[in-house]
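Undergrad: Structure file structure14.tsv, TSV, C-alpha atoms, is pasted below:
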```tsv
chain	number	residue	atom	x	y	z
A	13	MET	CA	0.00	0.00	0.00
A	14	ARG	CA	2.88	2.34	0.73
A	15	ILE	CA	4.15	1.91	-2.83
A	16	ALA	CA	0.70	2.65	-4.23
A	17	LEU	CA	0.36	5.87	-2.24
A	18	THR	CA	3.91	6.91	-3.10
A	19	GLU	CA	3.12	6.49	-6.79
A	20	LEU	CA	0.00	8.62	-6.41
A	21	ARG	CA	2.04	11.36	-4.76
A	22	ARG	CA	4.99	11.30	-7.16
A	23	ARG	CA	3.16	10.72	-10.42
A	24	PRO	CA	-0.23	12.45	-10.07
A	25	ALA	CA	-0.44	13.16	-13.81
A	26	ARG	CA	-0.83	9.43	-14.47
A	27	PHE	CA	-4.04	9.37	-12.45
A	28	ALA	CA	-5.37	12.76	-13.61
A	29	PRO	CA	-7.76	11.40	-16.30
A	30	ALA	CA	-9.59	9.15	-13.84
A	31	LEU	CA	-9.55	11.86	-11.17
A	32	VAL	CA	-11.06	14.49	-13.47
A	33	ALA	CA	-13.69	12.11	-14.85
A	34	LEU	CA	-14.81	11.03	-11.38
A	35	MET	CA	-14.75	14.62	-10.14
A	36	LEU	CA	-17.18	15.66	-12.88
A	37	LEU	CA	-19.37	12.63	-12.17
A	38	THR	CA	-19.36	13.59	-8.49
A	39	LEU	CA	-20.48	17.10	-9.41
A	40	LEU	CA	-23.28	15.62	-11.52
A	41	LEU	CA	-24.36	13.25	-8.74
A	42	LEU	CA	-24.44	15.99	-6.11
A	43	VAL	CA	-26.33	18.43	-8.32
A	44	LEU	CA	-28.85	15.79	-9.41
A	45	GLY	CA	-29.31	14.64	-5.83
A	46	GLY	CA	-29.60	18.25	-4.66
A	47	LEU	CA	-32.28	18.97	-7.25
A	48	LEU	CA	-34.18	15.82	-6.28
A	49	ASP	CA	-34.04	16.75	-2.59
A	50	GLY	CA	-34.98	20.35	-3.34
A	51	LEU	CA	-37.95	19.37	-5.47
A	52	TYR	CA	-39.12	16.82	-2.91
A	53	ASN	CA	-38.78	19.14	0.08
A	54	GLY	CA	-40.27	22.07	-1.81
A	55	SER	CA	-43.34	20.01	-2.72
A	56	THR	CA	-43.94	18.18	0.54
A	57	GLY	CA	-42.76	20.43	3.38
A	58	ALA	CA	-46.23	21.61	4.41
A	59	LEU	CA	-47.56	18.06	4.78
A	60	ARG	CA	-44.43	16.67	6.42
A	61	ALA	CA	-44.65	19.44	9.03
A	62	GLN	CA	-48.19	18.55	10.12
A	63	PRO	CA	-48.43	17.69	13.84
A	64	GLY	CA	-50.87	14.82	13.38
A	65	GLU	CA	-49.95	11.31	12.34
A	66	LEU	CA	-53.04	11.22	10.09
A	67	LEU	CA	-54.63	13.45	7.48
A	68	THR	CA	-58.33	13.21	6.68
A	69	TYR	CA	-59.66	14.21	3.24
A	70	SER	CA	-63.12	13.95	1.72
A	71	SER	CA	-63.53	10.58	0.03
A	72	ASP	CA	-64.12	12.07	-3.43
A	73	ALA	CA	-61.00	14.29	-3.37
A	74	LYS	CA	-58.53	11.54	-4.35
A	75	LEU	CA	-56.13	12.81	-1.65
A	76	SER	CA	-56.01	16.27	-3.22
A	77	LEU	CA	-55.85	18.96	-0.57
A	78	VAL	CA	-57.14	21.57	-3.01
A	79	ARG	CA	-60.26	19.55	-3.98
A	80	SER	CA	-61.10	18.17	-0.54
A	81	ARG	CA	-63.90	19.56	1.65
A	82	ILE	CA	-64.61	18.57	5.27
A	83	ASP	CA	-67.64	20.25	6.87
A	84	ALA	CA	-68.13	20.96	10.57
A	85	ALA	CA	-70.45	17.98	11.15
A	86	THR	CA	-67.93	15.56	9.62
A	87	ALA	CA	-65.10	17.10	11.62
A	88	ALA	CA	-67.12	16.50	14.81
A	89	GLU	CA	-67.55	12.82	13.90
A	90	VAL	CA	-63.80	12.52	13.27
A	91	ALA	CA	-63.04	14.04	16.68
A	92	LYS	CA	-65.26	11.41	18.40
A	93	ALA	CA	-63.68	8.40	16.63
A	94	PRO	CA	-61.78	5.91	18.84
A	95	GLY	CA	-58.08	6.68	19.18
A	96	VAL	CA	-58.36	10.34	18.18
A	97	GLU	CA	-56.75	12.75	20.63
A	98	GLN	CA	-56.93	16.04	18.76
A	99	VAL	CA	-58.22	17.34	15.42
A	100	GLY	CA	-57.32	20.54	13.60
A	101	GLY	CA	-58.64	22.06	10.40
A	102	LEU	CA	-56.34	22.86	7.49
A	103	GLY	CA	-56.94	24.90	4.37
A	104	VAL	CA	-54.77	26.20	1.54
A	105	VAL	CA	-55.07	28.53	-1.43
A	106	LEU	CA	-52.44	28.88	-4.16
A	107	LEU	CA	-51.90	32.46	-5.24
A	108	GLY	CA	-49.47	34.92	-6.75
A	109	ALA	CA	-47.96	37.44	-4.33
A	110	LYS	CA	-46.90	40.96	-5.28
A	111	VAL	CA	-43.67	41.67	-3.41
A	112	PRO	CA	-42.72	45.32	-2.81
A	113	ASP	CA	-40.12	46.63	-5.27
A	114	ARG	CA	-40.29	43.43	-7.35
A	115	ALA	CA	-41.75	43.24	-10.84
A	116	GLU	CA	-42.26	39.48	-10.81
A	117	GLU	CA	-44.81	37.87	-8.54
A	118	ALA	CA	-43.88	35.10	-6.13
A	119	SER	CA	-45.91	31.89	-6.11
A	120	VAL	CA	-47.23	31.22	-2.61
A	121	ALA	CA	-49.40	28.70	-0.77
A	122	LEU	CA	-51.36	30.45	1.97
A	123	PHE	CA	-52.42	28.05	4.74
A	124	GLY	CA	-55.01	28.54	7.41
A	125	TYR	CA	-54.42	26.18	10.33
A	126	GLN	CA	-55.66	25.36	13.81
A	127	LEU	CA	-52.92	23.02	15.06
A	128	ALA	CA	-49.41	24.42	14.68
A	129	PRO	CA	-47.19	22.40	12.31
A	130	ARG	CA	-43.62	21.50	13.25
A	131	GLY	CA	-41.50	24.65	13.39
A	132	VAL	CA	-44.50	26.96	12.97
A	133	PRO	CA	-45.80	29.04	15.92
A	134	SER	CA	-49.43	29.02	16.98
A	135	PRO	CA	-51.78	30.80	14.55
A	136	PRO	CA	-51.25	34.58	14.54
A	137	GLN	CA	-53.75	36.49	16.66
A	138	HIS	CA	-54.39	39.19	14.09
A	139	THR	CA	-56.09	38.50	10.80
A	140	GLY	CA	-53.77	39.39	7.93
A	141	ASP	CA	-50.56	38.41	9.74
A	142	VAL	CA	-48.60	35.45	8.36
A	143	TYR	CA	-45.42	33.50	8.92
A	144	ALA	CA	-43.44	33.12	5.68
A	145	ASP	CA	-41.16	30.30	4.62
A	146	ARG	CA	-37.52	31.37	4.40
A	147	SER	CA	-37.35	30.23	0.78
A	148	LEU	CA	-39.40	33.32	-0.13
A	149	ARG	CA	-36.41	35.51	0.69
A	150	ALA	CA	-35.08	34.51	-2.73
A	151	HIS	CA	-38.06	36.40	-4.17
A	152	GLY	CA	-37.28	39.54	-2.17
A	153	VAL	CA	-39.65	38.93	0.73
A	154	LYS	CA	-38.53	40.61	3.96
A	155	LEU	CA	-39.70	40.61	7.54
A	156	GLY	CA	-42.33	43.30	8.14
A	157	GLN	CA	-43.32	43.60	4.48
A	158	THR	CA	-46.89	43.54	3.26
A	159	LEU	CA	-47.53	41.12	0.41
A	160	LEU	CA	-50.50	41.57	-1.90
A	161	LEU	CA	-52.13	38.25	-2.76
A	162	GLY	CA	-54.18	37.27	-5.75
A	163	PRO	CA	-55.80	39.37	-8.47
A	164	ASN	CA	-57.55	41.61	-5.94
A	165	ARG	CA	-54.35	42.15	-3.89
A	166	TYR	CA	-55.44	40.92	-0.47
A	167	PRO	CA	-52.79	42.26	1.96
A	168	VAL	CA	-50.89	40.08	4.43
A	169	ALA	CA	-48.03	41.17	6.69
A	170	VAL	CA	-44.98	38.97	7.25
A	171	ILE	CA	-44.39	38.76	11.01
A	172	GLY	CA	-41.91	35.88	11.18
A	173	TRP	CA	-40.00	33.16	9.38
A	174	VAL	CA	-40.50	29.39	9.24
A	175	SER	CA	-38.52	26.71	7.40
A	176	ASP	CA	-39.31	23.72	5.18
A	177	THR	CA	-43.05	24.42	4.90
A	178	ASN	CA	-43.54	24.86	1.15
A	179	PHE	CA	-46.26	23.11	-0.83
A	180	LEU	CA	-46.09	22.02	-4.47
A	181	LEU	CA	-43.01	24.24	-4.95
A	182	GLN	CA	-44.93	27.31	-3.74
A	183	GLY	CA	-43.60	29.35	-0.85
A	184	GLY	CA	-45.51	28.65	2.35
A	185	LEU	CA	-47.44	31.42	4.14
A	186	TRP	CA	-49.12	30.47	7.43
A	187	GLY	CA	-51.94	32.55	8.89
A	188	ASN	CA	-54.98	32.01	11.05
A	189	VAL	CA	-58.16	30.51	9.62
A	190	GLU	CA	-59.79	33.90	9.07
A	191	THR	CA	-56.82	35.12	7.02
A	192	TRP	CA	-57.09	32.08	4.78
A	193	ARG	CA	-60.86	32.48	4.36
A	194	LYS	CA	-60.56	36.16	3.48
A	195	ALA	CA	-57.81	35.46	0.96
A	196	VAL	CA	-60.00	32.83	-0.71
A	197	GLU	CA	-62.97	35.19	-0.69
A	198	SER	CA	-60.87	37.95	-2.26
A	199	ALA	CA	-59.20	35.86	-4.97
A	200	ARG	CA	-61.85	33.22	-5.69
A	201	PRO	CA	-65.31	34.18	-4.49
A	202	ASP	CA	-66.79	31.07	-6.13
A	203	ALA	CA	-64.58	28.83	-3.98
A	204	VAL	CA	-65.53	30.24	-0.56
A	205	LEU	CA	-66.15	27.48	1.99
A	206	ALA	CA	-68.99	27.45	4.48
A	207	PRO	CA	-68.21	28.41	8.08
A	208	GLY	CA	-66.51	25.54	9.90
A	209	THR	CA	-65.55	23.80	6.65
A	210	PHE	CA	-61.92	22.96	5.92
A	211	GLN	CA	-60.12	21.22	3.10
A	212	ALA	CA	-58.57	18.59	5.35
A	213	LEU	CA	-58.07	17.65	8.98
A	214	THR	CA	-54.82	16.87	10.72
A	215	VAL	CA	-55.43	14.19	13.33
A	216	VAL	CA	-53.29	13.54	16.41
A	217	VAL	CA	-53.54	9.92	17.51
A	218	SER	CA	-53.89	9.00	21.18
A	219	PRO	CA	-50.78	7.45	22.79
A	220	GLY	CA	-50.75	3.69	22.34
A	221	SER	CA	-53.12	3.70	19.37
A	222	LYS	CA	-52.06	2.47	15.95
A	223	PRO	CA	-52.47	5.16	13.27
A	224	THR	CA	-53.72	2.71	10.64
A	225	GLU	CA	-56.41	1.38	12.98
A	226	VAL	CA	-57.46	4.89	13.97
A	227	ALA	CA	-57.66	5.85	10.27
A	228	ALA	CA	-60.03	2.96	9.62
A	229	ALA	CA	-62.12	3.92	12.66
A	230	ILE	CA	-62.41	7.52	11.44
A	231	ASP	CA	-63.63	6.51	7.99
A	232	ALA	CA	-66.10	4.09	9.55
A	233	ALA	CA	-67.38	6.78	11.91
A	234	THR	CA	-68.02	9.17	9.01
A	235	GLY	CA	-69.84	6.55	6.97
A	236	GLY	CA	-67.17	6.48	4.27
A	237	THR	CA	-67.44	10.18	3.45
A	238	THR	CA	-63.77	10.62	4.41
A	239	HIS	CA	-60.50	9.06	3.37
A	240	THR	CA	-57.96	9.07	6.18
A	241	VAL	CA	-54.32	8.21	5.52
A	242	THR	CA	-51.01	8.44	7.33
A	243	ARG	CA	-48.96	11.58	6.90
A	244	SER	CA	-46.27	9.74	4.93
A	245	PHE	CA	-48.87	8.23	2.60
A	246	ALA	CA	-50.35	11.67	1.98
A	247	VAL	CA	-46.90	12.98	1.12
A	248	ASP	CA	-46.19	10.16	-1.31
A	249	SER	CA	-49.58	10.67	-2.96
A	250	LEU	CA	-48.85	14.23	-4.09
A	251	PRO	CA	-49.17	14.47	-7.90
A	252	GLY	CA	-46.05	13.70	-9.90
A	253	LEU	CA	-43.87	13.04	-6.86
A	254	ALA	CA	-43.33	9.31	-7.46
A	255	GLN	CA	-42.54	9.80	-11.16
A	256	GLN	CA	-40.14	12.60	-10.31
A	257	ARG	CA	-38.20	10.47	-7.84
A	258	THR	CA	-38.14	7.48	-10.19
A	259	THR	CA	-36.70	9.57	-13.03
A	260	PHE	CA	-34.01	11.23	-10.94
A	261	ASN	CA	-33.02	8.00	-9.20
A	262	ALA	CA	-32.66	6.25	-12.58
A	263	ILE	CA	-30.27	8.99	-13.74
A	264	ILE	CA	-28.32	8.85	-10.47
A	265	PHE	CA	-27.92	5.05	-10.59
A	266	THR	CA	-26.83	5.26	-14.23
A	267	THR	CA	-24.20	7.83	-13.27
A	268	PHE	CA	-22.86	5.53	-10.56
A	269	PHE	CA	-22.63	2.76	-13.17
A	270	VAL	CA	-20.68	5.07	-15.49
A	271	ALA	CA	-18.30	5.82	-12.60
A	272	ALA	CA	-17.63	2.09	-12.23
A	273	LEU	CA	-16.93	1.81	-15.97
A	274	VAL	CA	-14.51	4.74	-15.85
A	275	VAL	CA	-12.53	3.16	-13.01
A	276	ALA	CA	-12.63	-0.28	-14.63
A	277	LEU	CA	-11.30	1.01	-17.94
A	278	PHE	CA	-8.64	3.18	-16.32
A	279	PHE	CA	-7.20	0.46	-14.09
A	280	ALA	CA	-7.43	-2.16	-16.85
A	281	LEU	CA	-5.19	0.01	-19.02
A	282	LEU	CA	-2.98	0.87	-16.05
A	283	THR	CA	-2.57	-2.80	-15.14
A	284	LEU	CA	-1.65	-3.63	-18.73
A	285	GLU	CA	0.99	-0.91	-18.63
A	286	ARG	CA	2.35	-2.19	-15.30
A	287	THR	CA	2.56	-5.87	-16.23
A	288	THR	CA	6.37	-5.86	-16.11
A	289	MET	CA	6.42	-4.04	-12.77
A	290	TYR	CA	3.96	-6.49	-11.25
A	291	ALA	CA	6.08	-9.36	-12.55
A	292	VAL	CA	9.08	-7.90	-10.71
A	293	PHE	CA	7.03	-7.61	-7.54
A	294	LYS	CA	6.02	-11.25	-7.80
A	295	ALA	CA	9.60	-12.29	-8.54
A	296	VAL	CA	10.75	-10.77	-5.25
A	297	GLY	CA	7.97	-12.48	-3.28
A	298	ALA	CA	4.89	-10.24	-3.52
A	299	SER	CA	1.60	-12.11	-3.78
A	300	SER	CA	-1.25	-11.33	-6.16
A	301	ARG	CA	-3.29	-10.33	-3.11
A	302	GLN	CA	-0.72	-7.75	-2.04
A	303	ILE	CA	-0.49	-6.31	-5.55
A	304	PHE	CA	-4.25	-6.12	-5.92
A	305	ALA	CA	-4.47	-4.39	-2.52
A	306	GLN	CA	-2.37	-1.62	-4.04
A	307	VAL	CA	-4.80	-1.30	-6.94
A	308	LEU	CA	-7.74	-1.13	-4.52
A	309	SER	CA	-6.06	1.48	-2.33
A	310	GLN	CA	-5.39	3.69	-5.36
A	311	ALA	CA	-8.99	3.33	-6.51
A	312	VAL	CA	-10.30	4.35	-3.07
A	313	VAL	CA	-7.95	7.34	-2.79
A	314	ILE	CA	-8.89	8.54	-6.27
A	315	ALA	CA	-12.59	8.20	-5.42
A	316	LEU	CA	-12.19	10.19	-2.20
A	317	LEU	CA	-10.13	12.92	-3.86
A	318	SER	CA	-12.64	13.11	-6.72
A	319	PHE	CA	-15.48	13.46	-4.26
A	320	ALA	CA	-13.71	16.24	-2.35
A	321	LEU	CA	-13.04	18.22	-5.54
A	322	GLY	CA	-16.53	17.54	-6.91
A	323	ALA	CA	-18.11	18.67	-3.62
A	324	VAL	CA	-16.19	21.95	-3.79
A	325	LEU	CA	-17.48	22.50	-7.34
A	326	ALA	CA	-21.03	21.67	-6.24
A	327	LEU	CA	-20.83	24.18	-3.39
A	328	ALA	CA	-19.49	26.77	-5.82
A	329	ALA	CA	-22.42	26.03	-8.14
A	330	THR	CA	-24.87	27.05	-5.42
A	331	PHE	CA	-23.55	30.62	-5.70
A	332	VAL	CA	-24.09	30.62	-9.47
A	333	ILE	CA	-27.44	28.85	-9.78
A	334	PRO	CA	-30.39	31.24	-9.25
A	335	PRO	CA	-31.90	30.95	-5.75
A	336	GLN	CA	-35.29	30.15	-7.29
A	337	VAL	CA	-33.90	26.79	-8.44
A	338	PRO	CA	-34.72	24.22	-5.71
A	339	LEU	CA	-31.18	22.94	-5.19
A	340	GLN	CA	-30.47	21.61	-1.69
A	341	LEU	CA	-27.12	20.01	-0.85
A	342	THR	CA	-27.54	17.86	2.24
A	343	GLN	CA	-25.15	15.82	4.36
A	344	ALA	CA	-27.21	12.68	3.81
A	345	ARG	CA	-26.93	13.06	0.04
A	346	ALA	CA	-23.18	13.73	0.29
A	347	VAL	CA	-22.67	10.56	2.35
A	348	GLU	CA	-24.69	8.58	-0.19
A	349	VAL	CA	-22.56	9.91	-3.06
A	350	VAL	CA	-19.17	9.32	-1.41
A	351	VAL	CA	-20.12	5.78	-0.31
A	352	GLY	CA	-21.54	4.97	-3.73
A	353	LEU	CA	-18.49	6.39	-5.46
A	354	VAL	CA	-16.08	4.35	-3.33
A	355	VAL	CA	-18.11	1.16	-3.79
A	356	MET	CA	-18.35	1.58	-7.55
A	357	SER	CA	-14.65	2.45	-7.77
A	358	VAL	CA	-13.74	-0.70	-5.88
A	359	ALA	CA	-16.12	-2.71	-8.07
A	360	GLY	CA	-14.53	-1.25	-11.19
A	361	SER	CA	-11.01	-1.98	-10.00
A	362	VAL	CA	-11.93	-5.62	-9.28
A	363	LEU	CA	-11.98	-6.21	-13.03
A	364	SER	CA	-8.20	-5.81	-12.94
A	365	LEU	CA	-7.86	-8.74	-10.52
A	366	ARG	CA	-7.80	-11.40	-13.23
A	367	ARG	CA	-4.99	-9.69	-15.08
A	368	VAL	CA	-2.97	-9.25	-11.86
A	369	VAL	CA	-3.33	-12.95	-10.99
A	370	ARG	CA	-2.19	-14.01	-14.48
A	371	VAL	CA	1.06	-12.00	-14.34
A	372	ASP	CA	3.99	-14.44	-14.66
A	373	PRO	CA	6.97	-13.54	-12.43
A	374	ALA	CA	9.28	-15.26	-14.95
A	375	SER	CA	8.57	-12.45	-17.41
A	376	ALA	CA	10.52	-10.10	-15.16
A	377	ILE	CA	13.78	-11.77	-16.25
A	378	GLY	CA	12.85	-12.04	-19.92
```
Rewrite the coordinates I just gave you, this time as structure tokens.
TA:
Amino acid sequence: MRIALTELRRRPARFAPALVALMLLTLLLLVLGGLLDGLYNGSTGALRAQPGELLTYSSDAKLSLVRSRIDAATAAEVAKAPGVEQVGGLGVVLLGAKVPDRAEEASVALFGYQLAPRGVPSPPQHTGDVYADRSLRAHGVKLGQTLLLGPNRYPVAVIGWVSDTNFLLQGGLWGNVETWRKAVESARPDAVLAPGTFQALTVVVSPGSKPTEVAAAIDAATGGTTHTVTRSFAVDSLPGLAQQRTTFNAIIFTTFFVAALVVALFFALLTLERTTMYAVFKAVGASSRQIFAQVLSQAVVIALLSFALGAVLALAATFVIPPQVPLQLTQARAVEVVVGLVVMSVAGSVLSLRRVVRVDPASAIG
């Protein structure tokens, strides 16, 4: 191993092609993964932040928060179902927001809520006050500003920041129920809901109760007029989310495969070039296992160096890519990439094992 590392240090140009190729693949993997994470978080944050383990929709809404309607009588039946500890109404309206001193509108999702989601304070006391997701700062939103929502410019004042609460890639705004109702009335008078009616309910399950059993009990109590699912199921049911993840994951796995091919081709050629040197090593007592350990160590070092350089480029890219692009570089994604890169590099280098084993030490003396 010492010889392998010494060669890397003294002859870096020999390994530059593989290093550069893997560095660029690392950049691609991190950016693709960052886009996937950004799109996922930007679409699902509002639902993932809900305090209840269950979400109740109307049975005909097909798990669409926008289409669902739960009236006061149904909500009362849900609250009395076995295993239910607490129920809170939830409503949302998707609107454009006029930001002061900005020509382009920001796309927002204004929520009215009764139970505070994770990371969101209790509903504001004053109608017209909202908490804004920090992602809206990329659109020029500032604390204390008044945003004008919808075609009739319903005003809301930003009184605080929250994080990871967006919905369908629209910046989250969180106000009390009256703020939400007035915004709907202003922008879409034909979509105004009756008093006490919400689009969905977030349901907190009693300690010791199983969420799936409570969900079944709720739907039975409402005579099948509701469809109650776990929070994670509601998240996964958002439109286009599964297809989006499948597409990105296919590209990511293909890129890992290409990384293995790059390493395999590079070390196959390198092993062919080193045949005489390996023969000398065997002639002086080195085993095929020891020689192959050198190949593996070089593959791992190259993978780690490539990841480090690619990560620096990915971080630099975040300063160039517009903030409106949902790119999120996370530690979990970085760990996944570095582990995958090392594994695929080792797998690629294994293809050189057969050639190493077949080296004849007699060839070292002609």
Undergrad: Quick one, how far is CA of Ser318 in chain A from CA of Glu348 in chain A?
TA: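 Taking CA of Ser318 in chain A as the start and CA of Glu348 in chain A as the end point, the length is 14.4 Å.
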Undergrad: Leaving out range 77-94 of chain A and any residue of its chain fewer than 6 positions from it, which residues lie within 9 Å of it when counting all atoms listed in the file, given as JSON, numbers by chain?
TA: {"A": [68, 69, 70, 71, 100, 101, 102, 103, 104, 105, 106, 205, 206, 207, 208, 209, 210, 211, 212, 213, 215, 218, 221, 226, 229, 230, 231, 232, 233, 234, 237, 238]}
Undergrad: Just the residues within 6 Å of range 133-146 of chain A, please, counting all atoms listed in the file, with nothing from its chain fewer than 5 positions along; format it as a list of chain:residue names.
TA: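 Answer for this query is A:Ala128, A:Val168, A:Ala169, A:Val170, A:Ile171, A:Gly172, A:Trp173, A:Val174, A:Ser175, A:Gly184, A:Leu185, A:Trp186, A:Gly187, A:Asn188, A:Thr191.
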Undergrad: Looking at only C-alpha atoms, which of A:Val196, A:Leu155, A:Ala121, A:Ala203 is the one that sits closest to Thr56 in chain A?
TA: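 Closest to Thr56 in chain A, using only C-alpha atoms: A:Ala121.
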Undergrad: Some atoms are absent from range 326-334 of chain A, so rebuild all heavy atoms and return them as a short mmCIF file (atom, residue, chain, number, x, y, z; two decimals), in the coordinates of the input.
TA:
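Saved as selection_37.cif:
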```
data_model
loop_
_atom_site.label_atom_id
_atom_site.label_comp_id
_atom_site.auth_asym_id
_atom_site.auth_seq_id
_atom_site.Cartn_x
_atom_site.Cartn_y
_atom_site.Cartn_z
N ALA A 326 -19.59 21.62 -6.48
CA ALA A 326 -21.03 21.67 -6.24
C ALA A 326 -21.40 22.83 -5.32
O ALA A 326 -22.40 23.52 -5.55
CB ALA A 326 -21.51 20.35 -5.65
N LEU A 327 -20.58 23.04 -4.28
CA LEU A 327 -20.83 24.18 -3.39
C LEU A 327 -20.68 25.49 -4.14
O LEU A 327 -21.45 26.44 -3.93
CB LEU A 327 -19.87 24.12 -2.20
CG LEU A 327 -20.14 23.02 -1.17
CD1 LEU A 327 -19.02 22.98 -0.14
CD2 LEU A 327 -21.47 23.25 -0.48
N ALA A 328 -19.68 25.56 -5.02
CA ALA A 328 -19.49 26.77 -5.82
C ALA A 328 -20.68 27.01 -6.74
O ALA A 328 -21.08 28.15 -7.00
CB ALA A 328 -18.20 26.67 -6.62
N ALA A 329 -21.27 25.91 -7.23
CA ALA A 329 -22.42 26.03 -8.14
C ALA A 329 -23.62 26.66 -7.45
O ALA A 329 -24.44 27.32 -8.10
CB ALA A 329 -22.79 24.66 -8.69
N THR A 330 -23.73 26.47 -6.13
CA THR A 330 -24.87 27.05 -5.42
C THR A 330 -24.84 28.58 -5.44
O THR A 330 -25.88 29.23 -5.26
CB THR A 330 -24.91 26.57 -3.96
OG1 THR A 330 -23.70 26.98 -3.29
CG2 THR A 330 -25.02 25.05 -3.90
N PHE A 331 -23.66 29.15 -5.63
CA PHE A 331 -23.55 30.62 -5.70
C PHE A 331 -23.85 31.14 -7.10
O PHE A 331 -24.06 32.33 -7.29
CB PHE A 331 -22.16 31.06 -5.27
CG PHE A 331 -21.84 30.78 -3.84
CD1 PHE A 331 -21.10 29.66 -3.48
CD2 PHE A 331 -22.30 31.61 -2.84
CE1 PHE A 331 -20.80 29.38 -2.16
CE2 PHE A 331 -22.02 31.34 -1.50
CZ PHE A 331 -21.27 30.23 -1.16
N VAL A 332 -23.85 30.23 -8.07
CA VAL A 332 -24.09 30.62 -9.47
C VAL A 332 -25.53 30.35 -9.87
O VAL A 332 -26.15 31.14 -10.59
CB VAL A 332 -23.12 29.87 -10.41
CG1 VAL A 332 -23.38 30.24 -11.86
CG2 VAL A 332 -21.67 30.18 -10.02
N ILE A 333 -26.07 29.22 -9.42
CA ILE A 333 -27.44 28.85 -9.78
C ILE A 333 -28.42 29.81 -9.12
O ILE A 333 -28.27 30.14 -7.93
CB ILE A 333 -27.73 27.40 -9.33
CG1 ILE A 333 -26.82 26.43 -10.10
CG2 ILE A 333 -29.19 27.04 -9.54
CD1 ILE A 333 -26.94 25.00 -9.65
N PRO A 334 -29.41 30.31 -9.83
CA PRO A 334 -30.39 31.24 -9.25
C PRO A 334 -31.05 30.65 -8.01
O PRO A 334 -31.33 29.44 -7.96
CB PRO A 334 -31.41 31.44 -10.38
CG PRO A 334 -30.65 31.12 -11.63
CD PRO A 334 -29.67 30.05 -11.27
#
```
